[in-house]
Amino acid sequence: MNDVAHAETLGTSHIEGAEKHDMEQFLLSALHAARAVRAFIVTSGDDGLMVAANAGAEDVSSVALHERDQIIVREVIASGKGRAIPGTPRSIVCVPIGFPDRAKAAVYLEIEREHVSDWRLENLEWMASTFAASLAKRTADEELRSFKEEAAIVIRELRLNLDMIPALTWIGGPGGELEDASRQWHEYTGIKREDALGMGFLASFHPDDVQKVITAWTELLVAGKPGGVEARILRHDGEARYFMLRAVPFVGDDGKVRKWYGINTDIDDLKRAEFELAKSQAVMAEAQRIIETGSWSWDMISDIFTCSAECTNIVGLPSTDITFETLMERVHPEDRELVAEAHGRALQGEELNVQHRFVLPNGTVKFIHARGRLIYERSHPRAYIGTIVDVTEARLSEERIQSSLAEAQRAQASLAEAQKLTHVGSFQIRPSSSEIIWSAETYNIYGLDPAEPLTGKAIMERIHPDDRERMNEIYARGIRDRKPWESEHRLLMPDGTIRHVHCVTRVESDPDEEPEVFGAIIDLTDRINGEEALRKAQADVVRMNRLTAMGAVTVSIAHEMNQPLMAIVTNAATCLSWLDRPEPDLDEAKVAAERIVNEGKRAGDVLLNVRNMARNSRPSIAIVDINEVVADVLTMMRSELRSRQINASVSLSSAIRSIRGDKVQLQQVLLNLMLNAAEAMTGKEHGRTMSVVSEDRGAHSVVVRVEDNGHGLDPIASERIFDAFFSTKPEGTGMGLAICKSIIEAHNGTLSARPRASGGSVFEFAIPYARGADEPEAA
């Protein structure tokens with residue numbers, strides 16, 4: 001290692017005095033700590049290894065390192081790891097050291113006759129790193145002082161510049177925070193500097209614009225590019241004015257934003273002027289759109305034709321294609337002469353006012369109303385201005401209205417004629433104002449003069465006195481409840497005749513308004529008279545059927561009357577013989593007289609039944625014992641059955657209850673059924689049988705059944721035997737069974753027929769039991 005012949009003398013690097021002194025002090029400390037004989041700092045650069053400082057006997061210029069030692073230094077510098085190489089008589093320790101903004105370096109130490117332990121190597125490495133850090137800190141502190149001095153100078157100049165600019169200027173940090181603002185900014189906003197710094201500047205904006213400013217400012221920070229936004233700034237007295245906020249970034253060499261410089265320009269007057277202009281234009285455009293009116297102007301000096309948006313919309317042409325000539329070309333050929341004359345008069349000083357047809361590019365025809373006048377400048381025509389209105393809908397609506405009026409008149413005439421033909425009148429009532437509107441047929445039904453004032457009193461006087469109170473109650477309830485109603489009542493006409501009418505109403509009712517009544521009056525007089533005539537005719541048919549049935553049993557009735565009459569004569573003679581004796585036997589005479597009374601009652605009952613059957617009386621609904629009906633009819637049919645050699649059997653259940661009905665009509669039904677059964681056995685040589693049965697059908701109804709062993713029912717004819725005017729007998733009217741069916745159905749019952757299993761037929765009817773004594777007697 002001391003072989004100088006193989007050592008190379010190293011050059012020296014230029015180091016500032018203070019820094020070199022620090023290096024020498026560090027080497028002395030390292031020399032002492034390692035108990036080395038010499039130490040120096042070697043740097044590596046483009047010129048090779050250079051000595052920066054030393055501690056020991058040698059001068060820096062005479063420091064020489066063996067080639068192997070130089071290799072060791074380079075390896076330490078390259079790897080950044082210290083090395084300890086033992087040897088005799090000297091050991092070598094080399095550790096890396098880093099200097100800020102310098103070439104890489106290492107600390108080289110030579111130690112005599114001592115072994116270098118790991119902890120000593122680590123201690124030297126720590127000392128080297130600590131020294132390098134202290135140098136770096138001092139360098140940084142010096143640079144920082146230099147930067148601060150320069151920044152202070154820049155800030156003073158910038159502050160002076162900010163305050164000299166006649167606008168609201170400011171400086172922002174890279175994160176968007178406010179770092180400084182001009183004196184004018186603070187004076188205008190009234191916000192102190194300490195309150196405005198950071199994000200406090202947002203308090204200067206109108207509350208409604210703060211979010212907009214934050215959004216725009218965030219976008220600028222992200223993009224790192226110049227930009228701006230319009231917002232309102234609050235003046236110190238609270239007035240808000242519009243400003244244009246512009247910000248420009250200052251970008252460093254590394255491409256990052258270091259500062260933001262901004263300026264706020266007052267544009268409130270311009271903004272308000274733009275707003276008023278835009279509002280006026282929008283209002284004008286909207287007004288023209290709403291009223292479908294476009295405006296146009298023709299500058300006669302520059303020959304420039306302009307028109308509004310609604311004008312282009314009406315004529316269906318782009319604004320670039322609209323001229324006075326193109327508009328005239330679109331006028332309907334049949335209206336061109338009319339329009340040309342109107343424009344000619346307008347150019348002579350008259351006002352333009354003309355309606356004409358206009359043909360759109362797609363062939364659609366519109367109706368346009370054009371108005372206009374000349375504008376003069378120094379007594380010379382300068383411009384021709386005017387408006388056009390799309391009156392197509394108005395013209396079409398006018399035509400539709402005229403058509404609708406004509407149609408309504410025809411419909412009204414048709415309605416009046418229809419009401420007259422159907423005897424149906426209509427009316428309308430407004431209770432709040434007592435206004436009553438009637439159709440012509442309503443006047444006709446009530447027999448009132450349309451020329452006379454219509455009042456509620458006049459209407460009520462025409463209603464039959466017996467119906468007035470009821471009608472008043474119905475009307476008042478309908479108005480109170482606001483619900484529709486129907487009623488039938490009578491009208492008493494001046495000549496004493498009575499009309500029957502049916503009233504149907506509908507109430508139009510809004511909860512917040514008075515109700516309004518619409519209704520119809522239907523004259524039922526002809527219908528009711530017709531129904532009454534029909535009822536009389538039906539009653540006559542029923543009575544004729546009844547008399548026909550009675551005619552068939554006339555001989556039987558006469559025979560039944562003959563028996564009690566003969567008994568009366570015989571008993572009367574017996575009574576006289578008992579009384580003619582010398583000593584009258586009063587007891588025997590009394591017995592004979594009692595027999596006379598009983599036979600008289602028997603004859604009277606027969607006559608009463610015949611009279612009831614024959615009379616033309618209305619139905620009388622009462623409680624009826626069906627077994628009594630069967631007994632009465634059998635009494636009338638006894639002789640008839642005997643003469644026809646018919647063996648009749650009767651089975652009457654004692655468990656059946658009473659029904660509600662007309663006894664005479666039920667007798668008529670049973671008499672018809674028994675006569676039909678007797679006639680059905682005509683031609684049968686012997687064994688003619690008929691049975692009449694009454695029995696209970698559960699808890700609901702009673703059944704009466706008539707069975708015979710006659711010729712039975714024709715399967716085809718059985719489907720129509722209850723139809724009116726259908727009969728299987730040559731001399732029959734076809735009304736008997738039809739009337740029987742209608743009588744049973746009027747009693748809420750059923751009448752049916754079926755073939756008998758052993759031959760013959762079965763007819764039966766079922767009628768429901770009476771439900772209680774408190775039910776009304778009228779059907």
# chains A, B, ... in the order shown; residues from 1 in each chain; ligands from 1
>>> residues_around(residues="Met199 (chain A)", least_positions_apart="2", cutoff="10 Å", atoms="only C-alpha atoms", output="ChimeraX atom specification")
/A:172,176-179,195-197,201-203
>>> select_by_dssp(residues="region 44-100 of chain A", states="alpha helix (DSSP H)", output="ChimeraX atom specification")
/A:67-79
>>> residues_around(residues="Lys81 (chain A)", least_positions_apart="5", cutoff="10 Å", atoms="only C-alpha atoms", output="PyMOL selection string")
chain A and resi 75-76+94-97+106+125
>>> write_last_selection(atoms="N, CA and C atoms", output="compact mmCIF listing (two decimals), in the first residue's frame")
# COMPACT_ATOMS: atom_id res chain seq x y z
N GLU A 75 -15.83 1.35 -6.59
CA GLU A 75 -16.89 0.37 -6.27
C GLU A 75 -17.81 0.89 -5.17
N VAL A 76 -17.26 1.53 -4.16
CA VAL A 76 -18.09 2.08 -3.06
C VAL A 76 -19.01 3.16 -3.58
N CYS A 94 -13.66 2.59 3.47
CA CYS A 94 -14.21 3.53 2.46
C CYS A 94 -15.73 3.48 2.54
N VAL A 95 -16.34 4.65 2.78
CA VAL A 95 -17.84 4.72 2.87
C VAL A 95 -18.33 5.79 1.91
N PRO A 96 -19.51 5.60 1.31
CA PRO A 96 -20.03 6.61 0.38
C PRO A 96 -20.58 7.83 1.12
N ILE A 97 -20.57 8.96 0.46
CA ILE A 97 -21.13 10.18 1.01
C ILE A 97 -21.82 10.93 -0.14
N ALA A 106 -16.82 9.64 -1.90
CA ALA A 106 -16.62 8.66 -0.85
C ALA A 106 -15.58 9.20 0.13
N GLU A 125 -20.28 5.28 8.35
CA GLU A 125 -21.36 5.49 7.38
C GLU A 125 -22.40 6.48 7.91
>>> residues_around(residues="Ala394 (chain A)", least_positions_apart="2", cutoff="12 Å", atoms="only C-alpha atoms", output="JSON, numbers by chain")
{"A": [291, 292, 366, 367, 368, 369, 389, 390, 391, 392, 396, 397, 398, 399, 400, 401]}
>>> residues_around(residues="region 662-671 of chain A", least_positions_apart="2", cutoff="6 Å", atoms="only C-alpha atoms", output="JSON list (two decimals) with N, CA, C and O atoms, in the first residue's frame")
[["chain", "number", "residue", "atom", "x", "y", "z"],
["A", 619, "PRO", "N", -160.37, -8.36, -10.38],
["A", 619, "PRO", "CA", -159.81, -9.35, -9.45],
["A", 619, "PRO", "C", -159.92, -8.86, -8.01],
["A", 619, "PRO", "O", -159.70, -7.69, -7.73],
["A", 620, "SER", "N", -160.28, -9.79, -7.11],
["A", 620, "SER", "CA", -160.38, -9.48, -5.69],
["A", 620, "SER", "C", -159.41, -10.40, -4.96],
["A", 620, "SER", "O", -159.67, -11.60, -4.82],
["A", 621, "ILE", "N", -158.30, -9.82, -4.51],
["A", 621, "ILE", "CA", -157.25, -10.62, -3.85],
["A", 621, "ILE", "C", -157.59, -10.75, -2.38],
["A", 621, "ILE", "O", -157.83, -9.76, -1.68],
["A", 629, "VAL", "N", -161.98, -24.11, -3.21],
["A", 629, "VAL", "CA", -162.08, -23.87, -4.66],
["A", 629, "VAL", "C", -162.36, -25.18, -5.38],
["A", 629, "VAL", "O", -163.23, -25.27, -6.26],
["A", 673, "LEU", "N", -159.54, -26.73, -16.68],
["A", 673, "LEU", "CA", -158.71, -27.94, -16.70],
["A", 673, "LEU", "C", -159.59, -29.20, -16.61],
["A", 673, "LEU", "O", -159.34, -30.19, -17.31],
["A", 674, "MET", "N", -160.66, -29.18, -15.79],
["A", 674, "MET", "CA", -161.53, -30.36, -15.65],
["A", 674, "MET", "C", -162.35, -30.56, -16.92],
["A", 674, "MET", "O", -162.58, -31.71, -17.36],
["A", 740, "CYS", "N", -155.65, -19.35, -18.60],
["A", 740, "CYS", "CA", -155.32, -20.05, -17.36],
["A", 740, "CYS", "C", -153.87, -19.78, -16.95],
["A", 740, "CYS", "O", -153.56, -19.54, -15.78]]
>>> select_by_dssp(residues="region 272-385 of chain A", states="strand (DSSP E)", output="JSON, numbers by chain")
{"A": [293, 294, 295, 296, 297, 298, 299, 304, 305, 306, 307, 352, 353, 354, 355, 356, 357, 358, 359, 365, 366, 367, 368, 369, 370, 371, 372, 373, 374, 375, 376, 377, 380, 381, 382, 383, 384, 385]}
>>> write_last_selection(atoms="N, CA and C atoms", output="short mmCIF file (atom, residue, chain, number, x, y, z; two decimals), in the first residue's frame")
data_model
loop_
_atom_site.label_atom_id
_atom_site.label_comp_id
_atom_site.auth_asym_id
_atom_site.auth_seq_id
_atom_site.Cartn_x
_atom_site.Cartn_y
_atom_site.Cartn_z
N THR A 293 -98.71 35.97 -35.56
CA THR A 293 -98.50 37.19 -36.33
C THR A 293 -97.02 37.37 -36.58
N GLY A 294 -96.63 37.49 -37.83
CA GLY A 294 -95.24 37.72 -38.18
C GLY A 294 -95.05 39.16 -38.66
N SER A 295 -93.84 39.65 -38.47
CA SER A 295 -93.53 41.03 -38.92
C SER A 295 -92.50 40.99 -40.04
N TRP A 296 -92.54 41.98 -40.91
CA TRP A 296 -91.59 42.07 -42.02
C TRP A 296 -91.27 43.54 -42.29
N SER A 297 -90.16 43.76 -42.95
CA SER A 297 -89.78 45.13 -43.33
C SER A 297 -88.96 45.08 -44.61
N TRP A 298 -89.15 46.11 -45.39
CA TRP A 298 -88.41 46.21 -46.66
C TRP A 298 -87.72 47.57 -46.68
N ASP A 299 -86.39 47.53 -46.59
CA ASP A 299 -85.59 48.77 -46.66
C ASP A 299 -85.49 49.15 -48.13
N ILE A 304 -83.21 45.62 -48.84
CA ILE A 304 -83.04 44.45 -47.97
C ILE A 304 -84.40 44.13 -47.34
N PHE A 305 -84.78 42.89 -47.45
CA PHE A 305 -86.07 42.44 -46.89
C PHE A 305 -85.78 41.53 -45.69
N THR A 306 -86.35 41.87 -44.56
CA THR A 306 -86.18 41.06 -43.34
C THR A 306 -87.55 40.67 -42.80
N CYS A 307 -87.54 39.56 -42.08
CA CYS A 307 -88.80 39.11 -41.49
C CYS A 307 -88.50 38.38 -40.18
N LEU A 352 -101.97 49.41 -45.87
CA LEU A 352 -102.20 48.08 -46.44
C LEU A 352 -103.12 47.29 -45.50
N ASN A 353 -104.17 46.73 -46.05
CA ASN A 353 -105.11 45.92 -45.27
C ASN A 353 -105.82 44.98 -46.23
N VAL A 354 -105.33 43.73 -46.33
CA VAL A 354 -105.89 42.82 -47.31
C VAL A 354 -105.81 41.39 -46.78
N GLN A 355 -106.82 40.61 -47.07
CA GLN A 355 -106.82 39.18 -46.77
C GLN A 355 -106.78 38.42 -48.08
N HIS A 356 -105.95 37.36 -48.11
CA HIS A 356 -105.83 36.59 -49.34
C HIS A 356 -105.35 35.19 -49.01
N ARG A 357 -105.35 34.34 -50.02
CA ARG A 357 -104.85 32.98 -49.87
C ARG A 357 -103.37 32.92 -50.24
N PHE A 358 -102.65 32.04 -49.52
CA PHE A 358 -101.21 31.91 -49.71
C PHE A 358 -100.89 30.43 -49.88
N VAL A 359 -100.12 30.12 -50.92
CA VAL A 359 -99.79 28.73 -51.24
C VAL A 359 -98.41 28.40 -50.68
N VAL A 365 -102.76 25.47 -48.72
CA VAL A 365 -103.27 26.83 -48.89
C VAL A 365 -103.62 27.40 -47.52
N LYS A 366 -103.09 28.57 -47.22
CA LYS A 366 -103.41 29.28 -45.98
C LYS A 366 -104.16 30.56 -46.31
N PHE A 367 -104.88 31.06 -45.31
CA PHE A 367 -105.51 32.38 -45.40
C PHE A 367 -104.67 33.34 -44.58
N ILE A 368 -104.23 34.45 -45.21
CA ILE A 368 -103.33 35.41 -44.57
C ILE A 368 -103.98 36.79 -44.59
N HIS A 369 -103.83 37.47 -43.44
CA HIS A 369 -104.26 38.87 -43.36
C HIS A 369 -103.02 39.73 -43.26
N ALA A 370 -102.75 40.56 -44.27
CA ALA A 370 -101.56 41.40 -44.33
C ALA A 370 -101.94 42.85 -44.06
N ARG A 371 -101.12 43.50 -43.20
CA ARG A 371 -101.28 44.93 -42.92
C ARG A 371 -99.90 45.57 -43.03
N GLY A 372 -99.84 46.84 -43.43
CA GLY A 372 -98.56 47.52 -43.56
C GLY A 372 -98.72 48.99 -43.87
N ARG A 373 -97.56 49.70 -43.80
CA ARG A 373 -97.56 51.13 -44.13
C ARG A 373 -96.13 51.56 -44.45
N LEU A 374 -95.99 52.73 -45.04
CA LEU A 374 -94.70 53.29 -45.41
C LEU A 374 -94.10 54.07 -44.24
N ILE A 375 -92.75 54.02 -44.14
CA ILE A 375 -92.01 54.83 -43.17
C ILE A 375 -91.25 55.89 -43.98
N TYR A 376 -91.45 57.16 -43.60
CA TYR A 376 -90.84 58.26 -44.37
C TYR A 376 -89.63 58.82 -43.63
N GLU A 377 -88.66 59.31 -44.43
CA GLU A 377 -87.49 60.01 -43.91
C GLU A 377 -87.29 61.25 -44.78
N HIS A 380 -89.51 61.45 -47.72
CA HIS A 380 -89.31 60.47 -48.76
C HIS A 380 -89.50 59.07 -48.17
N PRO A 381 -90.13 58.17 -48.91
CA PRO A 381 -90.32 56.81 -48.40
C PRO A 381 -88.97 56.14 -48.12
N ARG A 382 -88.84 55.65 -46.92
CA ARG A 382 -87.60 54.99 -46.55
C ARG A 382 -87.77 53.46 -46.43
N ALA A 383 -88.86 53.04 -45.83
CA ALA A 383 -89.07 51.61 -45.60
C ALA A 383 -90.55 51.28 -45.68
N TYR A 384 -90.80 50.03 -45.93
CA TYR A 384 -92.17 49.50 -46.02
C TYR A 384 -92.24 48.39 -44.96
N ILE A 385 -93.03 48.60 -43.93
CA ILE A 385 -93.10 47.63 -42.84
C ILE A 385 -94.53 47.11 -42.74
#
>>> closest_residue(among="A:Pro755, A:Gly344, A:Pro361, A:Gly224", to="Leu317 (chain A)", atoms="only C-alpha atoms")
A:Pro361
>>> decode(residues="region 474-517 of chain A", atoms="N, CA and C atoms", output="PDB file, in the first residue's frame")
ATOM      1  N   ILE A 474    -141.306  15.895  -4.257  1.00  0.00           N
ATOM      2  CA  ILE A 474    -140.307  15.249  -5.123  1.00  0.00           C
ATOM      3  C   ILE A 474    -139.320  16.276  -5.665  1.00  0.00           C
ATOM      4  N   TYR A 475    -139.832  17.429  -6.111  1.00  0.00           N
ATOM      5  CA  TYR A 475    -138.970  18.478  -6.668  1.00  0.00           C
ATOM      6  C   TYR A 475    -138.028  19.034  -5.602  1.00  0.00           C
ATOM      7  N   ALA A 476    -138.565  19.335  -4.409  1.00  0.00           N
ATOM      8  CA  ALA A 476    -137.733  19.897  -3.346  1.00  0.00           C
ATOM      9  C   ALA A 476    -136.659  18.908  -2.908  1.00  0.00           C
ATOM     10  N   ARG A 477    -137.001  17.612  -2.814  1.00  0.00           N
ATOM     11  CA  ARG A 477    -136.023  16.613  -2.410  1.00  0.00           C
ATOM     12  C   ARG A 477    -134.929  16.450  -3.463  1.00  0.00           C
ATOM     13  N   GLY A 478    -135.309  16.468  -4.739  1.00  0.00           N
ATOM     14  CA  GLY A 478    -134.317  16.336  -5.803  1.00  0.00           C
ATOM     15  C   GLY A 478    -133.331  17.488  -5.819  1.00  0.00           C
ATOM     16  N   ILE A 479    -133.815  18.733  -5.599  1.00  0.00           N
ATOM     17  CA  ILE A 479    -132.927  19.889  -5.576  1.00  0.00           C
ATOM     18  C   ILE A 479    -132.043  19.849  -4.332  1.00  0.00           C
ATOM     19  N   ARG A 480    -132.641  19.461  -3.206  1.00  0.00           N
ATOM     20  CA  ARG A 480    -131.866  19.422  -1.957  1.00  0.00           C
ATOM     21  C   ARG A 480    -130.767  18.364  -2.013  1.00  0.00           C
ATOM     22  N   ASP A 481    -131.114  17.161  -2.483  1.00  0.00           N
ATOM     23  CA  ASP A 481    -130.150  16.060  -2.525  1.00  0.00           C
ATOM     24  C   ASP A 481    -129.295  16.070  -3.781  1.00  0.00           C
ATOM     25  N   ARG A 482    -129.690  16.929  -4.754  1.00  0.00           N
ATOM     26  CA  ARG A 482    -128.951  17.014  -6.021  1.00  0.00           C
ATOM     27  C   ARG A 482    -128.870  15.651  -6.697  1.00  0.00           C
ATOM     28  N   LYS A 483    -130.010  14.971  -6.742  1.00  0.00           N
ATOM     29  CA  LYS A 483    -130.089  13.657  -7.371  1.00  0.00           C
ATOM     30  C   LYS A 483    -131.230  13.652  -8.383  1.00  0.00           C
ATOM     31  N   PRO A 484    -131.087  12.869  -9.468  1.00  0.00           N
ATOM     32  CA  PRO A 484    -132.160  12.801 -10.472  1.00  0.00           C
ATOM     33  C   PRO A 484    -133.405  12.126  -9.899  1.00  0.00           C
ATOM     34  N   TRP A 485    -134.552  12.419 -10.508  1.00  0.00           N
ATOM     35  CA  TRP A 485    -135.787  11.782 -10.063  1.00  0.00           C
ATOM     36  C   TRP A 485    -136.697  11.522 -11.256  1.00  0.00           C
ATOM     37  N   GLU A 486    -137.642  10.607 -11.067  1.00  0.00           N
ATOM     38  CA  GLU A 486    -138.681  10.287 -12.039  1.00  0.00           C
ATOM     39  C   GLU A 486    -140.023  10.282 -11.323  1.00  0.00           C
ATOM     40  N   SER A 487    -141.058  10.683 -12.022  1.00  0.00           N
ATOM     41  CA  SER A 487    -142.395  10.658 -11.409  1.00  0.00           C
ATOM     42  C   SER A 487    -143.447  10.682 -12.509  1.00  0.00           C
ATOM     43  N   GLU A 488    -144.618  10.145 -12.170  1.00  0.00           N
ATOM     44  CA  GLU A 488    -145.799  10.232 -13.029  1.00  0.00           C
ATOM     45  C   GLU A 488    -146.855  11.034 -12.290  1.00  0.00           C
ATOM     46  N   HIS A 489    -147.502  11.922 -13.019  1.00  0.00           N
ATOM     47  CA  HIS A 489    -148.579  12.702 -12.419  1.00  0.00           C
ATOM     48  C   HIS A 489    -149.576  13.095 -13.507  1.00  0.00           C
ATOM     49  N   ARG A 490    -150.646  13.703 -13.058  1.00  0.00           N
ATOM     50  CA  ARG A 490    -151.716  14.069 -13.980  1.00  0.00           C
ATOM     51  C   ARG A 490    -151.764  15.584 -14.166  1.00  0.00           C
ATOM     52  N   LEU A 491    -152.227  15.975 -15.347  1.00  0.00           N
ATOM     53  CA  LEU A 491    -152.463  17.386 -15.658  1.00  0.00           C
ATOM     54  C   LEU A 491    -153.956  17.595 -15.840  1.00  0.00           C
ATOM     55  N   LEU A 492    -154.457  18.618 -15.189  1.00  0.00           N
ATOM     56  CA  LEU A 492    -155.871  18.967 -15.329  1.00  0.00           C
ATOM     57  C   LEU A 492    -155.983  20.106 -16.334  1.00  0.00           C
ATOM     58  N   MET A 493    -156.520  19.791 -17.514  1.00  0.00           N
ATOM     59  CA  MET A 493    -156.576  20.772 -18.596  1.00  0.00           C
ATOM     60  C   MET A 493    -157.762  21.708 -18.402  1.00  0.00           C
ATOM     61  N   PRO A 494    -157.734  22.871 -19.044  1.00  0.00           N
ATOM     62  CA  PRO A 494    -158.843  23.842 -18.869  1.00  0.00           C
ATOM     63  C   PRO A 494    -160.205  23.279 -19.264  1.00  0.00           C
ATOM     64  N   ASP A 495    -160.267  22.341 -20.205  1.00  0.00           N
ATOM     65  CA  ASP A 495    -161.557  21.781 -20.623  1.00  0.00           C
ATOM     66  C   ASP A 495    -161.998  20.630 -19.724  1.00  0.00           C
ATOM     67  N   GLY A 496    -161.253  20.368 -18.626  1.00  0.00           N
ATOM     68  CA  GLY A 496    -161.641  19.328 -17.683  1.00  0.00           C
ATOM     69  C   GLY A 496    -161.042  17.967 -17.984  1.00  0.00           C
ATOM     70  N   THR A 497    -160.406  17.806 -19.125  1.00  0.00           N
ATOM     71  CA  THR A 497    -159.793  16.513 -19.433  1.00  0.00           C
ATOM     72  C   THR A 497    -158.507  16.333 -18.619  1.00  0.00           C
ATOM     73  N   ILE A 498    -158.120  15.094 -18.495  1.00  0.00           N
ATOM     74  CA  ILE A 498    -156.929  14.752 -17.703  1.00  0.00           C
ATOM     75  C   ILE A 498    -155.880  14.136 -18.626  1.00  0.00           C
ATOM     76  N   ARG A 499    -154.648  14.621 -18.474  1.00  0.00           N
ATOM     77  CA  ARG A 499    -153.520  14.048 -19.188  1.00  0.00           C
ATOM     78  C   ARG A 499    -152.571  13.383 -18.188  1.00  0.00           C
ATOM     79  N   HIS A 500    -152.054  12.267 -18.599  1.00  0.00           N
ATOM     80  CA  HIS A 500    -151.072  11.554 -17.780  1.00  0.00           C
ATOM     81  C   HIS A 500    -149.685  11.789 -18.371  1.00  0.00           C
ATOM     82  N   VAL A 501    -148.732  12.244 -17.540  1.00  0.00           N
ATOM     83  CA  VAL A 501    -147.381  12.528 -18.014  1.00  0.00           C
ATOM     84  C   VAL A 501    -146.365  11.830 -17.109  1.00  0.00           C
ATOM     85  N   HIS A 502    -145.195  11.551 -17.707  1.00  0.00           N
ATOM     86  CA  HIS A 502    -144.077  10.950 -16.977  1.00  0.00           C
ATOM     87  C   HIS A 502    -142.896  11.908 -17.073  1.00  0.00           C
ATOM     88  N   CYS A 503    -142.340  12.280 -15.917  1.00  0.00           N
ATOM     89  CA  CYS A 503    -141.250  13.255 -15.862  1.00  0.00           C
ATOM     90  C   CYS A 503    -139.949  12.529 -15.523  1.00  0.00           C
ATOM     91  N   VAL A 504    -138.900  12.760 -16.344  1.00  0.00           N
ATOM     92  CA  VAL A 504    -137.571  12.194 -16.114  1.00  0.00           C
ATOM     93  C   VAL A 504    -136.575  13.346 -16.050  1.00  0.00           C
ATOM     94  N   THR A 505    -135.723  13.388 -15.007  1.00  0.00           N
ATOM     95  CA  THR A 505    -134.800  14.512 -14.842  1.00  0.00           C
ATOM     96  C   THR A 505    -133.371  14.032 -14.646  1.00  0.00           C
ATOM     97  N   ARG A 506    -132.465  14.972 -14.882  1.00  0.00           N
ATOM     98  CA  ARG A 506    -131.040  14.787 -14.595  1.00  0.00           C
ATOM     99  C   ARG A 506    -130.534  16.086 -13.991  1.00  0.00           C
ATOM    100  N   VAL A 507    -129.804  16.000 -12.884  1.00  0.00           N
ATOM    101  CA  VAL A 507    -129.334  17.182 -12.165  1.00  0.00           C
ATOM    102  C   VAL A 507    -127.840  17.354 -12.425  1.00  0.00           C
ATOM    103  N   GLU A 508    -127.478  18.458 -13.078  1.00  0.00           N
ATOM    104  CA  GLU A 508    -126.075  18.807 -13.257  1.00  0.00           C
ATOM    105  C   GLU A 508    -125.665  19.634 -12.053  1.00  0.00           C
ATOM    106  N   SER A 509    -124.723  19.102 -11.260  1.00  0.00           N
ATOM    107  CA  SER A 509    -124.422  19.759  -9.988  1.00  0.00           C
ATOM    108  C   SER A 509    -122.938  19.834  -9.761  1.00  0.00           C
ATOM    109  N   ASP A 510    -122.440  21.046  -9.567  1.00  0.00           N
ATOM    110  CA  ASP A 510    -121.070  21.278  -9.127  1.00  0.00           C
ATOM    111  C   ASP A 510    -121.136  21.641  -7.648  1.00  0.00           C
ATOM    112  N   PRO A 511    -120.238  21.044  -6.803  1.00  0.00           N
ATOM    113  CA  PRO A 511    -120.330  21.320  -5.363  1.00  0.00           C
ATOM    114  C   PRO A 511    -120.277  22.802  -5.020  1.00  0.00           C
ATOM    115  N   ASP A 512    -119.583  23.593  -5.870  1.00  0.00           N
ATOM    116  CA  ASP A 512    -119.439  25.016  -5.573  1.00  0.00           C
ATOM    117  C   ASP A 512    -120.467  25.867  -6.308  1.00  0.00           C
ATOM    118  N   GLU A 513    -121.376  25.264  -7.077  1.00  0.00           N
ATOM    119  CA  GLU A 513    -122.340  26.034  -7.856  1.00  0.00           C
ATOM    120  C   GLU A 513    -123.746  25.531  -7.586  1.00  0.00           C
ATOM    121  N   GLU A 514    -124.708  26.349  -8.033  1.00  0.00           N
ATOM    122  CA  GLU A 514    -126.100  25.960  -7.874  1.00  0.00           C
ATOM    123  C   GLU A 514    -126.437  24.825  -8.848  1.00  0.00           C
ATOM    124  N   PRO A 515    -127.334  23.916  -8.459  1.00  0.00           N
ATOM    125  CA  PRO A 515    -127.703  22.819  -9.364  1.00  0.00           C
ATOM    126  C   PRO A 515    -128.510  23.324 -10.548  1.00  0.00           C
ATOM    127  N   GLU A 516    -128.465  22.558 -11.624  1.00  0.00           N
ATOM    128  CA  GLU A 516    -129.233  22.869 -12.823  1.00  0.00           C
ATOM    129  C   GLU A 516    -129.933  21.587 -13.263  1.00  0.00           C
ATOM    130  N   VAL A 517    -131.227  21.698 -13.551  1.00  0.00           N
ATOM    131  CA  VAL A 517    -132.044  20.521 -13.824  1.00  0.00           C
ATOM    132  C   VAL A 517    -132.370  20.459 -15.314  1.00  0.00           C
TER     133      VAL A 517
END
